[in-house]
Amino acid sequence: MKISLQNAGKRYNRDWIFRNLSYEFSSPGAYAITGLNGSGKSTLLQCIAGSVLHSEGTFQYKQNDTVLDTPHEYLSMATPYMELVEEMTANEMLQFHRKFKSLSTTNENILAEVALQNAAKKQIRYFSSGMKQRLKLAMAFFSETPVILLDEPVTNLDKEGIKLYHSLIATHTAEKLVIVSSNDEEEYHFCKAILQISDYK
């Protein structure tokens, strides 16, 4: 999978969040988008995901040399602002997610790996913030997509949760394209390439 940005820019009203950004992300590989809080790294990740429309330039997605018109089925994402259906149980949420993305193993195995097996039948509204983040990470890492987009992925996680995140990275991303938006090196220490968003103002 390749994601190519050519002279890409995004603005809100008259304020440019980033501009003149030309860059290529390709798999397998791990990339970090870094910058201070409010610098625009999350906005860039949302533009890559296609959930926010860029203002200028081009975003091109290629899988096996085929240009993709709609890349959404090739992407999975975990972000602090991603909403879960709180009336559902963890098991129901995974079943619902399967309507949009194939998952690589059973719900039982997924929940066990992220230490939520005892909460399989518990409504998400009763989850702690850390439990919700584990479920979001599970939905991203176990989706059978070539690209994983992560925005501040250890948000709300304790030490065990952070260790789990590192384990998921080590065991489930070898052949994937991973892009992490963060200003915390603990979240992107494994990335070989770093894009500093302040270079594109």
# chains A, B, ... in the order shown; residues from 1 in each chain; ligands from 1
>>> select_by_dssp(residues="segment 10-117 of chain A", states="alpha helix (DSSP H)", output="list in words")
Lys41, Ser42, Thr43, Leu44, Leu45, Gln46, Cys47, Ile48, Ala49, Ala90, Asn91, Glu92, Met93, Leu94, Gln95, Phe96, His97, Asn107, Glu108, Asn109, Ile110, Leu111, Ala112 and Glu113 of chain A
>>> residues_around(residues="Met77 of chain A", least_positions_apart="2", cutoff="9 Å", atoms="only C-alpha atoms", output="VMD selection string")
chain A and resid 49 75 79 82 136 to 137 139 to 141 147 to 151
>>> write_last_selection(atoms="N, CA, C and O atoms", output="short mmCIF file (atom, residue, chain, number, x, y, z; two decimals), in the first residue's frame")
data_model
loop_
_atom_site.label_atom_id
_atom_site.label_comp_id
_atom_site.auth_asym_id
_atom_site.auth_seq_id
_atom_site.Cartn_x
_atom_site.Cartn_y
_atom_site.Cartn_z
N ALA A 49 -6.95 9.67 6.37
CA ALA A 49 -8.04 8.71 6.53
C ALA A 49 -9.22 9.01 5.62
O ALA A 49 -10.08 8.16 5.40
N LEU A 75 -8.19 0.91 5.29
CA LEU A 75 -7.68 1.63 6.46
C LEU A 75 -8.42 1.21 7.73
O LEU A 75 -9.63 1.01 7.72
N THR A 79 -8.50 6.36 17.54
CA THR A 79 -8.27 7.74 17.98
C THR A 79 -9.02 8.00 19.28
O THR A 79 -10.02 7.34 19.56
N MET A 82 -12.70 8.82 18.55
CA MET A 82 -13.54 7.82 17.90
C MET A 82 -14.62 7.35 18.86
O MET A 82 -14.32 6.99 20.00
N LYS A 136 -10.80 0.01 21.24
CA LYS A 136 -10.51 0.75 20.01
C LYS A 136 -9.24 0.20 19.34
O LYS A 136 -9.20 0.03 18.12
N LEU A 137 -8.22 -0.05 20.14
CA LEU A 137 -6.98 -0.60 19.59
C LEU A 137 -7.22 -1.98 19.00
O LEU A 137 -6.70 -2.31 17.93
N MET A 139 -9.97 -3.13 17.65
CA MET A 139 -10.68 -2.98 16.38
C MET A 139 -9.73 -2.55 15.26
O MET A 139 -9.88 -2.95 14.11
N ALA A 140 -8.72 -1.76 15.60
CA ALA A 140 -7.76 -1.31 14.60
C ALA A 140 -6.75 -2.40 14.24
O ALA A 140 -6.54 -2.71 13.07
N PHE A 141 -6.15 -3.01 15.25
CA PHE A 141 -5.07 -3.96 15.01
C PHE A 141 -5.54 -5.28 14.42
O PHE A 141 -4.80 -5.93 13.69
N VAL A 147 -3.41 -0.87 6.23
CA VAL A 147 -3.00 0.39 6.85
C VAL A 147 -3.66 0.54 8.22
O VAL A 147 -4.86 0.30 8.37
N ILE A 148 -2.85 0.94 9.22
CA ILE A 148 -3.37 1.26 10.55
C ILE A 148 -2.98 2.70 10.87
O ILE A 148 -1.81 3.07 10.81
N LEU A 149 -3.97 3.52 11.19
CA LEU A 149 -3.76 4.91 11.57
C LEU A 149 -4.04 5.06 13.07
O LEU A 149 -5.11 4.66 13.54
N LEU A 150 -3.09 5.63 13.80
CA LEU A 150 -3.19 5.72 15.26
C LEU A 150 -2.95 7.15 15.71
O LEU A 150 -1.93 7.75 15.37
N ASP A 151 -3.90 7.70 16.44
CA ASP A 151 -3.77 9.05 16.98
C ASP A 151 -3.66 8.96 18.50
O ASP A 151 -4.61 8.52 19.16
#
>>> residues_around(residues="Val154 of chain A", least_positions_apart="3", cutoff="12 Å", atoms="only C-alpha atoms", output="number ranges by chain")
A: 78-80, 129-134, 136-137, 150-151, 157-166, 168-169, 180-188
>>> select_by_dssp(residues="segment 29-191 of chain A", states="strand (DSSP E or B)", output="PyMOL selection string")
chain A and resi 29-34+56-63+66-67+75-78+89+103+123+143+147-151+177-181
>>> write_last_selection(atoms="C-alpha atoms", output="compact mmCIF listing (two decimals), in the first residue's frame")
# COMPACT_ATOMS: atom_id res chain seq x y z
CA GLY A 29 6.70 0.63 7.28
CA ALA A 30 6.04 2.73 10.37
CA TYR A 31 5.83 6.52 10.27
CA ALA A 32 5.30 9.15 12.95
CA ILE A 33 3.59 12.52 12.54
CA THR A 34 4.87 14.69 15.38
CA GLU A 56 -5.39 21.77 -1.83
CA GLY A 57 -3.05 19.27 -3.42
CA THR A 58 -3.67 15.54 -3.88
CA PHE A 59 -3.88 12.42 -1.73
CA GLN A 60 -3.36 9.24 -3.79
CA TYR A 61 -3.81 5.67 -2.55
CA LYS A 62 -2.35 2.71 -4.45
CA GLN A 63 -2.68 -0.98 -3.66
CA THR A 66 -3.97 0.09 -8.59
CA VAL A 67 -5.15 3.59 -7.74
CA LEU A 75 -7.68 1.63 6.46
CA SER A 76 -8.32 0.99 10.15
CA MET A 77 -8.03 3.69 12.77
CA ALA A 78 -7.92 4.23 16.54
CA THR A 89 -21.40 -4.95 24.72
CA LEU A 103 -11.27 -9.28 11.59
CA GLN A 123 -22.12 -2.70 28.03
CA SER A 143 -8.90 -5.49 11.17
CA VAL A 147 -3.00 0.39 6.85
CA ILE A 148 -3.37 1.26 10.55
CA LEU A 149 -3.76 4.91 11.57
CA LEU A 150 -3.19 5.72 15.26
CA ASP A 151 -3.77 9.05 16.98
CA LEU A 177 1.72 0.49 6.93
CA VAL A 178 1.42 2.16 10.35
CA ILE A 179 1.11 5.92 10.79
CA VAL A 180 1.15 7.31 14.34
CA SER A 181 0.18 10.87 15.24
>>> closest_atom_pairs(of="segment 14-92 of chain A", to="segment 108-115 of chain A", cutoff="12 Å", atoms="only C-alpha atoms", output="CSV")
residue,atom,partner,partner_atom,distance
A:Thr89,CA,A:Leu111,CA,11.6
A:Ala90,CA,A:Leu111,CA,8.1
A:Asn91,CA,A:Glu108,CA,8.1
A:Glu92,CA,A:Glu108,CA,11.6
>>> closest_residue(among="A:Leu135, A:Pro28, A:Gly50, A:Leu195", to="Asp69 of chain A", atoms="only C-alpha atoms")
A:Gly50
>>> closest_residue(among="A:Pro71, A:Gly35, A:Ile48, A:Thr43", to="Ser4 of chain A", atoms="only C-alpha atoms")
A:Ile48
>>> closest_residue(among="A:Lys192, A:Lys122, A:His72, A:Lys201", to="Thr145 of chain A", atoms="only C-alpha atoms")
A:His72
>>> residues_around(residues="segment 7-12 of chain A", least_positions_apart="2", cutoff="7 Å", atoms="only C-alpha atoms", output="PyMOL selection string")
chain A and resi 5+14-22+54-58
>>> decode(residues="segment 67-168 of chain A", atoms="C-alpha atoms", output="compact mmCIF listing (two decimals), in the first residue's frame")
# COMPACT_ATOMS: atom_id res chain seq x y z
CA VAL A 67 -5.15 3.59 -7.74
CA LEU A 68 -8.03 3.44 -5.26
CA ASP A 69 -11.04 5.73 -5.55
CA THR A 70 -12.32 4.92 -2.06
CA PRO A 71 -9.55 3.82 0.33
CA HIS A 72 -11.68 3.40 3.44
CA GLU A 73 -11.86 -0.40 3.29
CA TYR A 74 -8.04 -0.51 3.33
CA LEU A 75 -7.68 1.63 6.46
CA SER A 76 -8.32 0.99 10.15
CA MET A 77 -8.03 3.69 12.77
CA ALA A 78 -7.92 4.23 16.54
CA THR A 79 -8.27 7.74 17.98
CA PRO A 80 -9.30 9.32 21.30
CA TYR A 81 -12.24 11.02 19.55
CA MET A 82 -13.54 7.82 17.90
CA GLU A 83 -16.98 7.00 19.28
CA LEU A 84 -18.08 3.55 20.40
CA VAL A 85 -21.72 2.48 20.59
CA GLU A 86 -22.06 2.55 24.36
CA GLU A 87 -25.33 0.59 24.45
CA MET A 88 -23.52 -2.39 22.91
CA THR A 89 -21.40 -4.95 24.72
CA ALA A 90 -17.77 -5.46 23.70
CA ASN A 91 -18.77 -8.60 21.83
CA GLU A 92 -21.61 -6.80 20.03
CA MET A 93 -19.30 -3.93 19.10
CA LEU A 94 -16.87 -6.33 17.44
CA GLN A 95 -19.73 -8.03 15.60
CA PHE A 96 -20.94 -4.64 14.39
CA HIS A 97 -17.41 -3.72 13.30
CA ARG A 98 -17.26 -6.90 11.20
CA LYS A 99 -19.96 -5.44 8.96
CA PHE A 100 -17.39 -2.92 7.77
CA LYS A 101 -14.02 -4.68 8.20
CA SER A 102 -12.96 -8.32 8.32
CA LEU A 103 -11.27 -9.28 11.59
CA SER A 104 -8.38 -11.71 11.65
CA THR A 105 -9.64 -13.96 14.45
CA THR A 106 -12.61 -14.65 16.71
CA ASN A 107 -14.10 -12.13 19.11
CA GLU A 108 -13.07 -14.39 21.97
CA ASN A 109 -9.42 -14.37 20.89
CA ILE A 110 -9.41 -10.61 20.29
CA LEU A 111 -10.89 -9.75 23.68
CA ALA A 112 -8.50 -12.16 25.41
CA GLU A 113 -5.47 -10.53 23.77
CA VAL A 114 -6.49 -7.06 24.95
CA ALA A 115 -7.47 -8.34 28.43
CA LEU A 116 -11.19 -7.68 27.99
CA GLN A 117 -12.39 -11.27 28.02
CA ASN A 118 -14.22 -10.73 31.31
CA ALA A 119 -16.05 -7.75 29.83
CA ALA A 120 -17.32 -9.47 26.67
CA LYS A 121 -20.97 -9.16 27.74
CA LYS A 122 -20.64 -5.85 29.56
CA GLN A 123 -22.12 -2.70 28.03
CA ILE A 124 -19.43 -0.28 26.88
CA ARG A 125 -21.08 2.54 28.83
CA TYR A 126 -19.76 0.86 31.98
CA PHE A 127 -16.18 0.56 30.69
CA SER A 128 -13.40 2.69 32.11
CA SER A 129 -11.63 5.03 29.68
CA GLY A 130 -8.72 2.58 29.55
CA MET A 131 -10.99 -0.33 28.67
CA LYS A 132 -12.57 1.71 25.86
CA GLN A 133 -9.11 2.50 24.49
CA ARG A 134 -8.15 -1.20 24.55
CA LEU A 135 -11.28 -2.00 22.53
CA LYS A 136 -10.51 0.75 20.01
CA LEU A 137 -6.98 -0.60 19.59
CA ALA A 138 -8.35 -4.13 19.17
CA MET A 139 -10.68 -2.98 16.38
CA ALA A 140 -7.76 -1.31 14.60
CA PHE A 141 -5.07 -3.96 15.01
CA PHE A 142 -7.24 -6.99 14.24
CA SER A 143 -8.90 -5.49 11.17
CA GLU A 144 -7.58 -7.13 8.03
CA THR A 145 -6.46 -3.87 6.44
CA PRO A 146 -3.01 -2.99 5.07
CA VAL A 147 -3.00 0.39 6.85
CA ILE A 148 -3.37 1.26 10.55
CA LEU A 149 -3.76 4.91 11.57
CA LEU A 150 -3.19 5.72 15.26
CA ASP A 151 -3.77 9.05 16.98
CA GLU A 152 -2.25 9.29 20.47
CA PRO A 153 -2.76 5.52 20.91
CA VAL A 154 -1.84 5.19 24.60
CA THR A 155 -4.37 7.83 25.71
CA ASN A 156 -6.02 6.67 28.97
CA LEU A 157 -3.86 3.53 29.20
CA ASP A 158 -2.05 2.50 32.39
CA LYS A 159 1.36 0.79 32.41
CA GLU A 160 -0.13 -2.59 31.53
CA GLY A 161 -2.13 -0.99 28.73
CA ILE A 162 0.98 0.68 27.31
CA LYS A 163 2.79 -2.67 27.44
CA LEU A 164 -0.17 -4.19 25.57
CA TYR A 165 0.09 -1.47 22.89
CA HIS A 166 3.78 -2.24 22.36
CA SER A 167 2.93 -5.94 22.10
CA LEU A 168 0.24 -5.29 19.48
